[in-house]
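Participant: Got a structure for you, written out below as structure tokens; questions coming shortly.
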Amino acid sequence: MNNLTDQELDEALNEALRREDMDEFNRLGDEADRRATIREARLVAPGALRVAAEWYIGQGIAVFPLQPGGKVPATKHGFKDASTDLEQVRRWWAATPAANIGLPTGGLFDVIDVDGEQGARSHIHLTGTDLLPPIFGYATTGRPCSRHLYIQATGDGNAAGLWPGIDYRGKGGYVVAPPSRTGRRYDWLHPLDVAGLKAGQ
């Protein structure tokens, strides 16, 4: 198990859930938690969120600050304030170093929001069908089987309950981005393929 990549571990969690092997699911979940603890130690370093925000804008992705430890925007106009201006971003994170990172959806990408065991079961049933578009990156959102799937922007808006445990973030929406923390850390399992997203525009 220790030789599995994070992505392989996540896939193994899904497979255990598909088989309804809850002993294996819990064992793999413990390993996922152990790895999250190691990453957490690295990501609590001073300035880690600012550095991550700067990385996003370096990729051409606008960011905006969220309240520390939460999902609520820390600016007056929320996702509408998102910026790729380096000096603006540095001012935001100098004022609030622990601010989480928000990414507006509907421009470069939309996000399929898979929540918990119910969402994971829906995701398993959708995988390999025409209903699930190509994924250009996915991140955990704080617990095993909960994740954000980044896809090409479609022009569609937000929607709740597309399938059991699955919501959609599109035009007029936003998501919390790794390495933000809302109780537990958001983390990339499959790094965002920005070049692939841009190539499809």
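Following the order of the structure tokens, first chain is A, next is B, and so on, with residues numbered from 1 inside each chain and ligands from 1 in the order they appear.
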I'd like to know which residues of chain A are strand (DSSP E or B) (by DSSP, run on the backbone); could you write them as a VMD selection string?
Facilitator: chain A and resid 63 to 66 73 83 100 to 104 109 to 114 138 to 140 147 to 152 157 159 to 163 166 to 169 171 174 to 177 181 to 182 184 to 185 187 to 190
Participant: Can you list every residue of range 138-175 of chain A that has an atom at most 8 Å from range 106-115 of chain A, with its nearest atom pair and the distance in Å to one decimal, using only C-alpha atoms, ordered by chain then number, as a tab-separated table?
Facilitator:
```
residue	atom	partner	partner_atom	distance
A:Cys145	CA	A:Asp115	CA	7.2
A:Ser146	CA	A:Asp115	CA	4.6
A:Arg147	CA	A:Val114	CA	5.2
A:His148	CA	A:Asp113	CA	4.8
A:Leu149	CA	A:Ile112	CA	4.9
A:Tyr150	CA	A:Val111	CA	4.6
A:Ile151	CA	A:Asp110	CA	5.4
A:Gln152	CA	A:Phe109	CA	4.7
A:Ala153	CA	A:Phe109	CA	4.2
A:Thr154	CA	A:Asp110	CA	7.1
A:Gly155	CA	A:Gly106	CA	6.2
A:Asp156	CA	A:Gly106	CA	7.4
A:Gly157	CA	A:Gly106	CA	7.4
A:Gly165	CA	A:Asp115	CA	5.2
A:Ile166	CA	A:Val114	CA	4.8
A:Asp167	CA	A:Asp113	CA	5.0
A:Tyr168	CA	A:Ile112	CA	4.8
A:Arg169	CA	A:Val111	CA	5.1
A:Gly170	CA	A:Gly106	CA	4.4
A:Lys171	CA	A:Gly106	CA	3.8
A:Gly172	CA	A:Gly106	CA	6.7
A:Gly173	CA	A:Gly106	CA	7.1
A:Val175	CA	A:Val111	CA	7.7
```
Participant: Could you go through chain A and tell me which residues DSSP, when run on the backbone, assigns to alpha helix (DSSP H), listing them as a PyMOL selection string?
Facilitator: chain A and resi 6-19+22-43+48-58+86-95+116-126+194-199
Participant: For the contact check between range 57-126 of chain A and range 176-191 of chain A, emit one row per residue of range 57-126 of chain A within 10 Å, containing the shortest atom pair and the distance in Å rounded to one decimal, counting only C-alpha atoms, chain then rising number order, as a tab-separated table.
Facilitator:
```
residue	atom	partner	partner_atom	distance
A:Val63	CA	A:Ala177	CA	9.2
A:Phe64	CA	A:Val176	CA	9.9
A:Pro65	CA	A:Val176	CA	9.6
A:Leu66	CA	A:Val176	CA	8.1
A:Gln67	CA	A:Thr182	CA	9.8
A:Pro68	CA	A:Arg181	CA	7.9
A:Gly69	CA	A:Thr182	CA	4.6
A:Gly70	CA	A:Thr182	CA	5.1
A:Lys71	CA	A:Val176	CA	6.5
A:Val72	CA	A:Val176	CA	9.4
A:Pro73	CA	A:Val176	CA	9.9
A:Ala98	CA	A:Ser180	CA	8.7
A:Ala99	CA	A:Ser180	CA	8.0
A:Asn100	CA	A:Ser180	CA	4.8
A:Ile101	CA	A:Ala177	CA	5.4
A:Gly102	CA	A:Val176	CA	4.8
A:Leu103	CA	A:Ala177	CA	6.4
A:Pro104	CA	A:Val176	CA	9.0
```
Participant: Residues of range 74-170 of chain A within 12 Å of range 20-31 of chain A: nearest atom pair and distance (Å, one decimal) for each, counting only C-alpha atoms, sorted by chain and number, as JSON lines?
Facilitator:
```
{"residue": "A:Glu117", "atom": "CA", "partner": "A:Phe25", "partner_atom": "CA", "distance": 10.9}
{"residue": "A:Arg121", "atom": "CA", "partner": "A:Glu20", "partner_atom": "CA", "distance": 10.3}
{"residue": "A:Gly142", "atom": "CA", "partner": "A:Gly29", "partner_atom": "CA", "distance": 11.9}
{"residue": "A:Arg143", "atom": "CA", "partner": "A:Gly29", "partner_atom": "CA", "distance": 8.7}
{"residue": "A:Pro144", "atom": "CA", "partner": "A:Gly29", "partner_atom": "CA", "distance": 6.3}
{"residue": "A:Cys145", "atom": "CA", "partner": "A:Gly29", "partner_atom": "CA", "distance": 9.2}
{"residue": "A:Ser146", "atom": "CA", "partner": "A:Gly29", "partner_atom": "CA", "distance": 11.9}
```
Participant: Considering only C-alpha atoms, can you say which of A:Ala62, A:Ala32, A:Ala159, A:Ala52 comes closest to Thr140 in chain A?
Facilitator: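 Of A:Ala62, A:Ala32, A:Ala159, A:Ala52, the one nearest Thr140 in chain A, counting only C-alpha atoms, is A:Ala32.
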Participant: How close does each residue of range 21-81 of chain A get to range 94-97 of chain A, giving the shortest atom pair and distance in Å to one decimal for every residue with an atom at most 8 Å away, counting only C-alpha atoms, sorted by chain and residue number, as CSV?
Facilitator:
```
residue,atom,partner,partner_atom,distance
A:Pro46,CA,A:Pro97,CA,7.8
A:Gly47,CA,A:Pro97,CA,6.4
A:Leu49,CA,A:Pro97,CA,7.1
A:Arg50,CA,A:Pro97,CA,6.8
A:Pro68,CA,A:Thr96,CA,7.9
```
Participant: Quick one: of A:Pro164, A:Trp55, A:Gly196, A:Asn3, who's nearest to Gly119 in chain A, counting only C-alpha atoms?
Facilitator: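 Under the stated criterion, the closest residue is A:Pro164.
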Participant: Could you tell me how far CA of Trp163 in chain A lies from CA of Asp33 in chain A, in Å and to one decimal?
Facilitator: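 One can read the CA of Trp163 in chain A to CA of Asp33 in chain A distance as 26.8 Å.
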